[in-house]
$ cat run16.cif   # mmCIF, N, CA, C and O atoms and all ligand atoms
data_entry
#
loop_
_atom_site.label_atom_id
_atom_site.label_comp_id
_atom_site.auth_asym_id
_atom_site.auth_seq_id
_atom_site.Cartn_x
_atom_site.Cartn_y
_atom_site.Cartn_z
N MET A 4 0.84 -1.20 0.00
CA MET A 4 0.00 0.00 0.00
C MET A 4 0.88 1.25 0.00
O MET A 4 1.89 1.30 0.68
N PRO A 5 0.46 2.27 -0.77
CA PRO A 5 1.24 3.51 -0.75
C PRO A 5 1.28 4.12 0.65
O PRO A 5 0.40 3.85 1.46
N LYS A 6 2.28 4.93 0.88
CA LYS A 6 2.41 5.65 2.15
C LYS A 6 2.45 7.14 1.84
O LYS A 6 2.81 7.55 0.75
N MET A 7 2.09 7.93 2.83
CA MET A 7 2.33 9.36 2.71
C MET A 7 2.70 9.90 4.08
O MET A 7 2.48 9.26 5.09
N THR A 8 3.30 11.09 4.08
CA THR A 8 3.77 11.67 5.33
C THR A 8 3.10 13.02 5.57
O THR A 8 3.04 13.85 4.67
N PHE A 9 2.59 13.19 6.77
CA PHE A 9 2.08 14.49 7.22
C PHE A 9 3.13 15.10 8.15
O PHE A 9 3.62 14.43 9.05
N ILE A 10 3.45 16.38 7.93
CA ILE A 10 4.32 17.08 8.87
C ILE A 10 3.44 18.01 9.68
O ILE A 10 2.80 18.91 9.14
N GLU A 11 3.37 17.75 10.97
CA GLU A 11 2.46 18.52 11.82
C GLU A 11 3.07 19.88 12.17
O GLU A 11 4.24 20.13 11.92
N GLN A 12 2.24 20.73 12.76
CA GLN A 12 2.66 22.11 13.05
C GLN A 12 3.96 22.18 13.84
O GLN A 12 4.76 23.07 13.64
N ASP A 13 4.16 21.24 14.74
CA ASP A 13 5.38 21.26 15.57
C ASP A 13 6.54 20.53 14.92
O ASP A 13 7.58 20.34 15.53
N GLY A 14 6.36 20.12 13.65
CA GLY A 14 7.46 19.49 12.93
C GLY A 14 7.46 17.97 13.01
O GLY A 14 8.29 17.32 12.38
N THR A 15 6.54 17.40 13.77
CA THR A 15 6.45 15.95 13.87
C THR A 15 6.06 15.36 12.52
O THR A 15 5.11 15.82 11.89
N ARG A 16 6.82 14.36 12.07
CA ARG A 16 6.50 13.69 10.81
C ARG A 16 5.72 12.43 11.10
O ARG A 16 6.15 11.61 11.91
N ARG A 17 4.60 12.27 10.44
CA ARG A 17 3.81 11.04 10.63
C ARG A 17 3.64 10.35 9.31
O ARG A 17 2.95 10.84 8.42
N GLU A 18 4.29 9.18 9.17
CA GLU A 18 4.12 8.41 7.95
C GLU A 18 2.96 7.44 8.15
O GLU A 18 2.92 6.71 9.14
N VAL A 19 2.01 7.48 7.22
CA VAL A 19 0.81 6.65 7.38
C VAL A 19 0.50 5.90 6.09
O VAL A 19 0.97 6.28 5.01
N ASP A 20 -0.31 4.85 6.20
CA ASP A 20 -0.80 4.14 5.02
C ASP A 20 -1.74 5.05 4.26
O ASP A 20 -2.56 5.74 4.85
N ALA A 21 -1.62 5.04 2.93
CA ALA A 21 -2.43 5.93 2.10
C ALA A 21 -3.14 5.11 1.02
O ALA A 21 -2.64 4.98 -0.09
N PRO A 22 -4.30 4.55 1.35
CA PRO A 22 -5.01 3.70 0.39
C PRO A 22 -5.31 4.43 -0.92
O PRO A 22 -5.70 5.60 -0.91
N LEU A 23 -5.13 3.74 -2.05
CA LEU A 23 -5.41 4.32 -3.36
C LEU A 23 -6.86 4.79 -3.42
O LEU A 23 -7.75 4.12 -2.92
N GLY A 24 -7.08 5.93 -4.03
CA GLY A 24 -8.44 6.41 -4.23
C GLY A 24 -8.96 7.27 -3.09
O GLY A 24 -9.99 7.91 -3.23
N LEU A 25 -8.27 7.27 -1.96
CA LEU A 25 -8.69 8.15 -0.86
C LEU A 25 -8.02 9.51 -1.03
O LEU A 25 -6.91 9.61 -1.53
N SER A 26 -8.71 10.56 -0.58
CA SER A 26 -8.10 11.88 -0.64
C SER A 26 -7.18 12.06 0.56
O SER A 26 -7.30 11.35 1.56
N VAL A 27 -6.31 13.05 0.44
CA VAL A 27 -5.40 13.37 1.56
C VAL A 27 -6.22 13.70 2.81
O VAL A 27 -5.86 13.32 3.92
N LEU A 28 -7.35 14.37 2.60
CA LEU A 28 -8.22 14.69 3.75
C LEU A 28 -8.74 13.41 4.42
O LEU A 28 -8.68 13.27 5.64
N GLU A 29 -9.21 12.47 3.61
CA GLU A 29 -9.74 11.21 4.17
C GLU A 29 -8.63 10.42 4.87
O GLU A 29 -8.86 9.83 5.91
N ILE A 30 -7.45 10.45 4.28
CA ILE A 30 -6.33 9.73 4.88
C ILE A 30 -5.98 10.37 6.23
O ILE A 30 -5.77 9.68 7.22
N ALA A 31 -5.99 11.70 6.27
CA ALA A 31 -5.70 12.40 7.52
C ALA A 31 -6.71 12.00 8.60
O ALA A 31 -6.33 11.67 9.73
N HIS A 32 -7.97 11.99 8.24
CA HIS A 32 -9.01 11.66 9.21
C HIS A 32 -8.88 10.24 9.72
O HIS A 32 -9.03 9.97 10.90
N LYS A 33 -8.56 9.33 8.80
CA LYS A 33 -8.37 7.93 9.16
C LYS A 33 -7.31 7.76 10.25
O LYS A 33 -7.37 6.84 11.04
N HIS A 34 -6.32 8.64 10.21
CA HIS A 34 -5.18 8.48 11.12
C HIS A 34 -5.17 9.53 12.22
O HIS A 34 -4.16 9.70 12.89
N GLY A 35 -6.26 10.26 12.36
CA GLY A 35 -6.33 11.24 13.44
C GLY A 35 -5.40 12.42 13.24
O GLY A 35 -5.00 13.06 14.21
N VAL A 36 -5.04 12.70 11.98
CA VAL A 36 -4.22 13.88 11.71
C VAL A 36 -5.15 15.10 11.70
O VAL A 36 -6.26 15.04 11.18
N ASP A 37 -4.67 16.19 12.27
CA ASP A 37 -5.51 17.34 12.56
C ASP A 37 -5.76 18.26 11.36
O ASP A 37 -5.23 19.35 11.28
N ILE A 38 -6.57 17.78 10.40
CA ILE A 38 -7.02 18.64 9.31
C ILE A 38 -8.55 18.69 9.42
O ILE A 38 -9.17 17.64 9.52
N GLU A 39 -9.11 19.87 9.40
CA GLU A 39 -10.54 19.96 9.67
C GLU A 39 -11.40 19.43 8.52
O GLU A 39 -12.15 18.49 8.68
N GLY A 40 -11.31 20.04 7.34
CA GLY A 40 -12.15 19.58 6.22
C GLY A 40 -13.62 19.76 6.49
O GLY A 40 -14.42 18.83 6.38
N ALA A 41 -14.02 20.97 6.83
CA ALA A 41 -15.38 21.24 7.30
C ALA A 41 -16.47 20.85 6.31
O ALA A 41 -17.56 20.47 6.71
N CYS A 42 -16.19 20.96 5.01
CA CYS A 42 -17.27 20.68 4.05
C CYS A 42 -17.16 19.28 3.48
O CYS A 42 -17.84 18.94 2.53
N GLU A 43 -16.31 18.45 4.06
CA GLU A 43 -16.19 17.05 3.64
C GLU A 43 -15.84 16.90 2.17
O GLU A 43 -16.31 15.99 1.51
N GLY A 44 -15.08 17.83 1.63
CA GLY A 44 -14.60 17.66 0.27
C GLY A 44 -15.48 18.22 -0.81
O GLY A 44 -15.32 17.89 -1.98
N SER A 45 -16.43 19.08 -0.47
CA SER A 45 -17.29 19.62 -1.52
C SER A 45 -16.85 21.01 -1.98
O SER A 45 -17.64 21.75 -2.57
N LEU A 46 -15.59 21.37 -1.73
CA LEU A 46 -15.02 22.63 -2.20
C LEU A 46 -15.81 23.84 -1.73
O LEU A 46 -16.03 24.79 -2.48
N ALA A 47 -16.26 23.80 -0.50
CA ALA A 47 -17.01 24.92 0.06
C ALA A 47 -16.32 25.51 1.29
O ALA A 47 -16.90 26.30 2.00
N CYS A 48 -15.08 25.10 1.52
CA CYS A 48 -14.35 25.68 2.64
C CYS A 48 -12.89 25.68 2.24
O CYS A 48 -12.54 25.27 1.15
N SER A 49 -12.01 26.13 3.11
CA SER A 49 -10.59 25.97 2.78
C SER A 49 -9.87 25.38 3.99
O SER A 49 -8.67 25.53 4.14
N THR A 50 -10.62 24.69 4.82
CA THR A 50 -10.05 24.18 6.07
C THR A 50 -9.28 22.88 5.87
O THR A 50 -8.76 22.33 6.82
N CYS A 51 -9.23 22.39 4.64
CA CYS A 51 -8.43 21.20 4.39
C CYS A 51 -7.11 21.59 3.72
O CYS A 51 -6.42 20.74 3.18
N HIS A 52 -6.80 22.89 3.77
CA HIS A 52 -5.55 23.44 3.22
C HIS A 52 -4.32 22.67 3.73
O HIS A 52 -4.15 22.51 4.92
N VAL A 53 -3.50 22.20 2.80
CA VAL A 53 -2.21 21.61 3.16
C VAL A 53 -1.13 22.23 2.28
O VAL A 53 -1.41 22.72 1.18
N ILE A 54 0.09 22.22 2.77
CA ILE A 54 1.21 22.73 2.00
C ILE A 54 2.00 21.54 1.49
O ILE A 54 2.53 20.75 2.27
N VAL A 55 2.01 21.40 0.17
CA VAL A 55 2.61 20.22 -0.43
C VAL A 55 4.12 20.44 -0.59
O VAL A 55 4.57 21.53 -0.95
N ASP A 56 4.89 19.40 -0.31
CA ASP A 56 6.32 19.43 -0.52
C ASP A 56 6.61 19.80 -1.98
O ASP A 56 5.96 19.27 -2.89
N GLN A 57 7.57 20.72 -2.20
CA GLN A 57 7.93 21.20 -3.55
C GLN A 57 7.98 20.10 -4.61
O GLN A 57 7.38 20.21 -5.67
N THR A 58 8.75 19.06 -4.31
CA THR A 58 8.97 17.98 -5.27
C THR A 58 7.67 17.31 -5.68
O THR A 58 7.45 16.97 -6.84
N TRP A 59 6.79 17.17 -4.71
CA TRP A 59 5.52 16.49 -4.96
C TRP A 59 4.52 17.40 -5.63
O TRP A 59 3.67 16.94 -6.39
N PHE A 60 4.60 18.66 -5.34
CA PHE A 60 3.63 19.61 -5.87
C PHE A 60 3.53 19.50 -7.38
O PHE A 60 2.45 19.50 -7.96
N ARG A 61 4.68 19.35 -8.03
CA ARG A 61 4.73 19.30 -9.50
C ARG A 61 4.06 18.05 -10.05
O ARG A 61 3.70 17.99 -11.21
N LYS A 62 3.95 17.02 -9.22
CA LYS A 62 3.38 15.76 -9.71
C LYS A 62 1.87 15.70 -9.56
O LYS A 62 1.23 14.77 -10.04
N LEU A 63 1.32 16.67 -8.90
CA LEU A 63 -0.13 16.67 -8.69
C LEU A 63 -0.86 17.20 -9.91
O LEU A 63 -0.33 18.02 -10.65
N ALA A 64 -2.09 16.73 -10.10
CA ALA A 64 -2.92 17.27 -11.17
C ALA A 64 -3.17 18.76 -10.89
O ALA A 64 -3.22 19.19 -9.74
N THR A 65 -3.30 19.53 -11.96
CA THR A 65 -3.55 20.97 -11.82
C THR A 65 -4.87 21.20 -11.09
O THR A 65 -5.85 20.53 -11.37
N PRO A 66 -4.88 22.14 -10.14
CA PRO A 66 -6.12 22.40 -9.43
C PRO A 66 -7.21 22.96 -10.35
O PRO A 66 -6.91 23.67 -11.30
N THR A 67 -8.44 22.64 -10.07
CA THR A 67 -9.55 23.22 -10.83
C THR A 67 -9.71 24.68 -10.42
O THR A 67 -9.17 25.11 -9.42
N GLU A 68 -10.48 25.39 -11.20
CA GLU A 68 -10.72 26.79 -10.90
C GLU A 68 -11.41 26.95 -9.55
O GLU A 68 -11.10 27.85 -8.78
N ASP A 69 -12.34 26.05 -9.26
CA ASP A 69 -13.04 26.09 -7.98
C ASP A 69 -12.06 25.92 -6.81
O ASP A 69 -12.16 26.59 -5.79
N GLU A 70 -11.11 25.01 -7.00
CA GLU A 70 -10.12 24.82 -5.93
C GLU A 70 -9.29 26.08 -5.76
O GLU A 70 -9.05 26.53 -4.64
N GLU A 71 -8.85 26.66 -6.88
CA GLU A 71 -8.07 27.90 -6.83
C GLU A 71 -8.82 28.98 -6.06
O GLU A 71 -8.25 29.69 -5.24
N ASP A 72 -10.12 29.09 -6.35
CA ASP A 72 -10.94 30.11 -5.70
C ASP A 72 -10.99 29.92 -4.19
O ASP A 72 -10.84 30.86 -3.42
N MET A 73 -11.17 28.68 -3.76
CA MET A 73 -11.22 28.40 -2.33
C MET A 73 -9.85 28.63 -1.70
O MET A 73 -9.75 29.16 -0.60
N LEU A 74 -8.82 28.22 -2.42
CA LEU A 74 -7.47 28.37 -1.89
C LEU A 74 -7.13 29.84 -1.62
O LEU A 74 -6.43 30.16 -0.67
N ASP A 75 -7.67 30.71 -2.48
CA ASP A 75 -7.41 32.13 -2.29
C ASP A 75 -7.87 32.60 -0.92
O ASP A 75 -7.38 33.59 -0.39
N LEU A 76 -8.83 31.89 -0.35
CA LEU A 76 -9.36 32.27 0.96
C LEU A 76 -8.61 31.61 2.12
O LEU A 76 -8.84 31.92 3.28
N ALA A 77 -7.74 30.68 1.79
CA ALA A 77 -7.05 29.94 2.84
C ALA A 77 -6.05 30.83 3.56
O ALA A 77 -5.35 31.63 2.94
N PHE A 78 -5.99 30.69 4.85
CA PHE A 78 -5.05 31.46 5.65
C PHE A 78 -3.66 30.87 5.49
O PHE A 78 -3.49 29.66 5.48
N GLY A 79 -2.67 31.74 5.31
CA GLY A 79 -1.30 31.26 5.21
C GLY A 79 -1.01 30.56 3.89
O GLY A 79 -0.22 29.62 3.83
N LEU A 80 -1.66 31.03 2.83
CA LEU A 80 -1.48 30.44 1.50
C LEU A 80 0.00 30.48 1.07
O LEU A 80 0.67 31.49 1.27
N THR A 81 0.47 29.40 0.47
CA THR A 81 1.84 29.37 -0.05
C THR A 81 1.80 28.96 -1.51
O THR A 81 0.76 28.56 -2.03
N GLU A 82 2.98 29.03 -2.17
CA GLU A 82 3.12 28.64 -3.58
C GLU A 82 2.68 27.21 -3.83
O GLU A 82 2.25 26.87 -4.92
N THR A 83 2.84 26.37 -2.84
CA THR A 83 2.55 24.95 -3.04
C THR A 83 1.34 24.51 -2.21
O THR A 83 1.22 23.35 -1.86
N SER A 84 0.47 25.45 -1.92
CA SER A 84 -0.75 25.10 -1.18
C SER A 84 -1.75 24.37 -2.07
O SER A 84 -1.89 24.69 -3.25
N ARG A 85 -2.43 23.41 -1.49
CA ARG A 85 -3.53 22.72 -2.17
C ARG A 85 -4.61 22.41 -1.14
O ARG A 85 -4.36 22.47 0.06
N LEU A 86 -5.77 22.03 -1.63
CA LEU A 86 -6.82 21.56 -0.73
C LEU A 86 -6.68 20.04 -0.59
O LEU A 86 -6.68 19.32 -1.59
N GLY A 87 -6.59 19.61 0.65
CA GLY A 87 -6.35 18.19 0.91
C GLY A 87 -7.43 17.27 0.35
O GLY A 87 -7.15 16.13 -0.02
N CYS A 88 -8.65 17.78 0.28
CA CYS A 88 -9.74 16.92 -0.20
C CYS A 88 -9.67 16.73 -1.71
O CYS A 88 -10.39 15.90 -2.26
N GLN A 89 -8.85 17.51 -2.40
CA GLN A 89 -8.76 17.43 -3.86
C GLN A 89 -7.55 16.63 -4.33
O GLN A 89 -7.36 16.44 -5.53
N ILE A 90 -6.72 16.19 -3.40
CA ILE A 90 -5.57 15.37 -3.79
C ILE A 90 -5.94 13.92 -3.54
O ILE A 90 -6.17 13.52 -2.41
N VAL A 91 -6.06 13.15 -4.61
CA VAL A 91 -6.46 11.76 -4.46
C VAL A 91 -5.25 10.86 -4.66
O VAL A 91 -4.47 11.03 -5.59
N MET A 92 -5.10 9.91 -3.75
CA MET A 92 -3.93 9.05 -3.75
C MET A 92 -3.91 8.13 -4.96
O MET A 92 -4.90 7.48 -5.28
N THR A 93 -2.77 8.12 -5.66
CA THR A 93 -2.54 7.19 -6.76
C THR A 93 -1.18 6.53 -6.51
O THR A 93 -0.43 6.98 -5.65
N GLU A 94 -0.86 5.51 -7.29
CA GLU A 94 0.45 4.85 -7.17
C GLU A 94 1.57 5.88 -7.31
O GLU A 94 2.58 5.83 -6.63
N ALA A 95 1.36 6.83 -8.23
CA ALA A 95 2.39 7.82 -8.53
C ALA A 95 2.67 8.72 -7.34
O ALA A 95 3.72 9.34 -7.26
N LEU A 96 1.72 8.80 -6.42
CA LEU A 96 1.90 9.69 -5.27
C LEU A 96 2.41 8.95 -4.04
O LEU A 96 2.45 9.51 -2.94
N ASP A 97 2.81 7.70 -4.22
CA ASP A 97 3.37 6.95 -3.10
C ASP A 97 4.58 7.70 -2.54
O ASP A 97 5.52 7.98 -3.29
N GLY A 98 4.52 8.06 -1.28
CA GLY A 98 5.61 8.80 -0.66
C GLY A 98 5.33 10.28 -0.49
O GLY A 98 6.15 11.03 0.06
N LEU A 99 4.17 10.71 -0.94
CA LEU A 99 3.76 12.12 -0.86
C LEU A 99 4.01 12.71 0.54
O LEU A 99 3.79 12.06 1.56
N VAL A 100 4.49 13.96 0.54
CA VAL A 100 4.72 14.66 1.81
C VAL A 100 3.95 15.97 1.80
O VAL A 100 4.08 16.77 0.88
N VAL A 101 3.11 16.18 2.81
CA VAL A 101 2.41 17.46 2.95
C VAL A 101 2.57 17.97 4.38
O VAL A 101 2.74 17.21 5.32
N LYS A 102 2.53 19.30 4.48
CA LYS A 102 2.69 19.95 5.77
C LYS A 102 1.36 20.59 6.17
O LYS A 102 0.63 21.10 5.32
N LEU A 103 1.06 20.57 7.44
CA LEU A 103 -0.15 21.25 7.90
C LEU A 103 0.19 22.72 8.11
O LEU A 103 1.20 23.05 8.70
N PRO A 104 -0.67 23.62 7.61
CA PRO A 104 -0.40 25.05 7.81
C PRO A 104 -0.50 25.40 9.29
O PRO A 104 -1.38 24.89 9.99
N ALA A 105 0.37 26.27 9.75
CA ALA A 105 0.51 26.55 11.18
C ALA A 105 -0.75 27.15 11.79
O ALA A 105 -1.00 26.97 12.97
N SER A 106 -1.54 27.85 10.99
CA SER A 106 -2.62 28.63 11.57
C SER A 106 -3.93 27.88 11.74
O SER A 106 -4.84 28.38 12.38
N THR A 107 -4.06 26.70 11.16
CA THR A 107 -5.35 26.02 11.14
C THR A 107 -5.98 25.90 12.51
O THR A 107 -7.15 26.18 12.70
N ARG A 108 -5.18 25.49 13.46
CA ARG A 108 -5.71 25.20 14.78
C ARG A 108 -6.39 26.43 15.38
O ARG A 108 -7.51 26.35 15.89
N ASN A 109 -5.73 27.58 15.27
CA ASN A 109 -6.30 28.80 15.82
C ASN A 109 -7.60 29.16 15.13
O ASN A 109 -8.56 29.54 15.78
N MET A 110 -7.60 29.06 13.81
CA MET A 110 -8.78 29.45 13.06
C MET A 110 -9.98 28.61 13.43
O MET A 110 -11.10 29.08 13.44
N MET A 111 -9.74 27.35 13.73
CA MET A 111 -10.85 26.44 14.00
C MET A 111 -11.20 26.40 15.46
O MET A 111 -12.11 25.69 15.87
N GLY A 112 -10.43 27.06 16.26
CA GLY A 112 -10.72 27.11 17.67
C GLY A 112 -10.51 25.80 18.38
O GLY A 112 -11.18 25.46 19.36
N GLY A 113 -9.60 25.01 17.83
CA GLY A 113 -9.28 23.91 18.68
C GLY A 113 -9.11 22.58 18.12
O GLY A 113 -9.01 21.63 18.81
S1 LIG B 1 -12.90 19.94 2.89
FE1 LIG B 1 -13.81 21.80 2.31
S2 LIG B 1 -12.71 22.30 0.52
FE2 LIG B 1 -11.76 20.52 1.18
#
$ encode --input "run16.cif" --output "C-alpha cells" --more "lines below"
Ligand code: FES
Amino acid sequence: MPKMTFIEQDGTRREVDAPLGLSVLEIAHKHGVDIEGACEGSLACSTCHVIVDQTWFRKLATPTEDEEDMLDLAFGLTETSRLGCQIVMTEALDGLVVKLPASTRNMMGG
C-alpha cells in the first residue's frame, strides 16, 4: 500500500498508510491527523488546506478553478498550497509529503 507523510505544526513527521483512491483529507481523518475539512470535500471551505512538498507539488494534477478560488481564501497560502480533499492518492503519489499550515488550529478554535 502507498504511504504518505504528514508534517504537523510542531514538525512531527507522521508516515501513514495511504489507500489508493482516498483523498489526503480522508487519509488524515483515518489516522487522526488534525485537518478539519469542514465541508467534507465539496469545495465549500478551505479548512483542508495543506502545503505540499515542492517535489511532490509538481506531480499533482492541476487544481480546478473552484479549488483555486477556495485556496485564495485559505489562511497562510503558499506557492505549493492545495486543498487536501482534492488530492487523491494514486500509485504515482506513493511517498507524498504534505505539511499542515501553522494557523489552522487557531482558526478552527481547537
Ligand atoms: S474539505 Fe472543504 S474544501 Fe476541502
$ residues_around --input "run16.cif" --residues "Glu18 (chain A)" --least-positions-apart "6" --cutoff "6 Å" --atoms "all atoms listed in the file" --output "list in words"
Met7, Thr8 and Phe9 of chain A
$ closest_residue --input "run16.cif" --among "A:Ala77, A:Ile90, A:Met4, A:Ala41" --to "Ala64 (chain A)" --atoms "all atoms listed in the file"
A:Ile90
$ closest_atom_pairs --input "run16.cif" --of "chain A" --to "ligand LIG 1 (chain B)" --cutoff "7 Å" --atoms "all atoms listed in the file" --output "Markdown table"
| residue | atom | partner | partner_atom | distance |
| --- | --- | --- | --- | --- |
| A:Glu39 | C | B:LIG1 | S1 | 5.8 |
| A:Gly40 | CA | B:LIG1 | S1 | 3.4 |
| A:Ala41 | N | B:LIG1 | S1 | 4.2 |
| A:Cys42 | N | B:LIG1 | FE1 | 3.7 |
| A:Glu43 | N | B:LIG1 | S1 | 3.9 |
| A:Gly44 | N | B:LIG1 | S1 | 3.3 |
| A:Ser45 | N | B:LIG1 | FE1 | 4.7 |
| A:Leu46 | CA | B:LIG1 | S2 | 3.6 |
| A:Ala47 | N | B:LIG1 | S2 | 4.0 |
| A:Cys48 | O | B:LIG1 | S2 | 3.0 |
| A:Ser49 | N | B:LIG1 | S2 | 4.7 |
| A:Thr50 | N | B:LIG1 | FE1 | 5.0 |
| A:Cys51 | CA | B:LIG1 | FE2 | 4.7 |
| A:His52 | N | B:LIG1 | FE2 | 6.1 |
| A:Met73 | CA | B:LIG1 | S2 | 6.9 |
| A:Leu86 | CA | B:LIG1 | FE2 | 5.4 |
| A:Gly87 | N | B:LIG1 | FE2 | 5.3 |
| A:Cys88 | N | B:LIG1 | FE2 | 4.2 |
| A:Gln89 | N | B:LIG1 | FE2 | 5.5 |
$ closest_residue --input "run16.cif" --among "A:Pro5, A:Pro66, A:Gly35, A:Gly98" --to "Pro22 (chain A)" --atoms "all atoms listed in the file"
A:Pro5
$ atom_distance --input "run16.cif" --atom1 "atom O of Arg16 (chain A)" --atom2 "CA of Leu74 (chain A)"
25.6 Å
$ closest_residue --input "run16.cif" --among "A:Glu94, A:Asp13, A:Asp69, A:Glu82" --to "Val53 (chain A)" --atoms "only N, CA, C and O atoms"
A:Glu82
$ closest_residue --input "run16.cif" --among "A:Leu23, A:Glu68, A:Val55, A:Arg61" --to "Arg85 (chain A)" --atoms "all atoms listed in the file"
A:Val55
$ atom_distance --input "run16.cif" --atom1 "atom O of Thr15 (chain A)" --atom2 "atom N of Asp72 (chain A)"
27.2 Å
$ axis_aligned_box --input "run16.cif" --around "region 19-30 of chain A" --padding-each-side "4 Å" --output "JSON"
{"center_x": -4.0, "center_y": 9.2, "center_z": 1.6, "size_x": 20.0, "size_y": 19.0, "size_z": 19.6}
$ atom_distance --input "run16.cif" --atom1 "atom C of His32 (chain A)" --atom2 "atom C of Leu99 (chain A)"
16.0 Å
$ decode --input "run16.cif" --residues "region 63-76 of chain A" --atoms "N, CA, C and O atoms" --output "compact mmCIF listing (two decimals), in the first residue's frame"
# COMPACT_ATOMS: atom_id res chain seq x y z
N LEU A 63 1.32 16.67 -8.90
CA LEU A 63 -0.13 16.67 -8.69
C LEU A 63 -0.86 17.20 -9.91
O LEU A 63 -0.33 18.02 -10.65
N ALA A 64 -2.09 16.73 -10.10
CA ALA A 64 -2.92 17.27 -11.17
C ALA A 64 -3.17 18.76 -10.89
O ALA A 64 -3.22 19.19 -9.74
N THR A 65 -3.30 19.53 -11.96
CA THR A 65 -3.55 20.97 -11.82
C THR A 65 -4.87 21.20 -11.09
O THR A 65 -5.85 20.53 -11.37
N PRO A 66 -4.88 22.14 -10.14
CA PRO A 66 -6.12 22.40 -9.43
C PRO A 66 -7.21 22.96 -10.35
O PRO A 66 -6.91 23.67 -11.30
N THR A 67 -8.44 22.64 -10.07
CA THR A 67 -9.55 23.22 -10.83
C THR A 67 -9.71 24.68 -10.42
O THR A 67 -9.17 25.11 -9.42
N GLU A 68 -10.48 25.39 -11.20
CA GLU A 68 -10.72 26.79 -10.90
C GLU A 68 -11.41 26.95 -9.55
O GLU A 68 -11.10 27.85 -8.78
N ASP A 69 -12.34 26.05 -9.26
CA ASP A 69 -13.04 26.09 -7.98
C ASP A 69 -12.06 25.92 -6.81
O ASP A 69 -12.16 26.59 -5.79
N GLU A 70 -11.11 25.01 -7.00
CA GLU A 70 -10.12 24.82 -5.93
C GLU A 70 -9.29 26.08 -5.76
O GLU A 70 -9.05 26.53 -4.64
N GLU A 71 -8.85 26.66 -6.88
CA GLU A 71 -8.07 27.90 -6.83
C GLU A 71 -8.82 28.98 -6.06
O GLU A 71 -8.25 29.69 -5.24
N ASP A 72 -10.12 29.09 -6.35
CA ASP A 72 -10.94 30.11 -5.70
C ASP A 72 -10.99 29.92 -4.19
O ASP A 72 -10.84 30.86 -3.42
N MET A 73 -11.17 28.68 -3.76
CA MET A 73 -11.22 28.40 -2.33
C MET A 73 -9.85 28.63 -1.70
O MET A 73 -9.75 29.16 -0.60
N LEU A 74 -8.82 28.22 -2.42
CA LEU A 74 -7.47 28.37 -1.89
C LEU A 74 -7.13 29.84 -1.62
O LEU A 74 -6.43 30.16 -0.67
N ASP A 75 -7.67 30.71 -2.48
CA ASP A 75 -7.41 32.13 -2.29
C ASP A 75 -7.87 32.60 -0.92
O ASP A 75 -7.38 33.59 -0.39
N LEU A 76 -8.83 31.89 -0.35
CA LEU A 76 -9.36 32.27 0.96
C LEU A 76 -8.61 31.61 2.12
O LEU A 76 -8.84 31.92 3.28
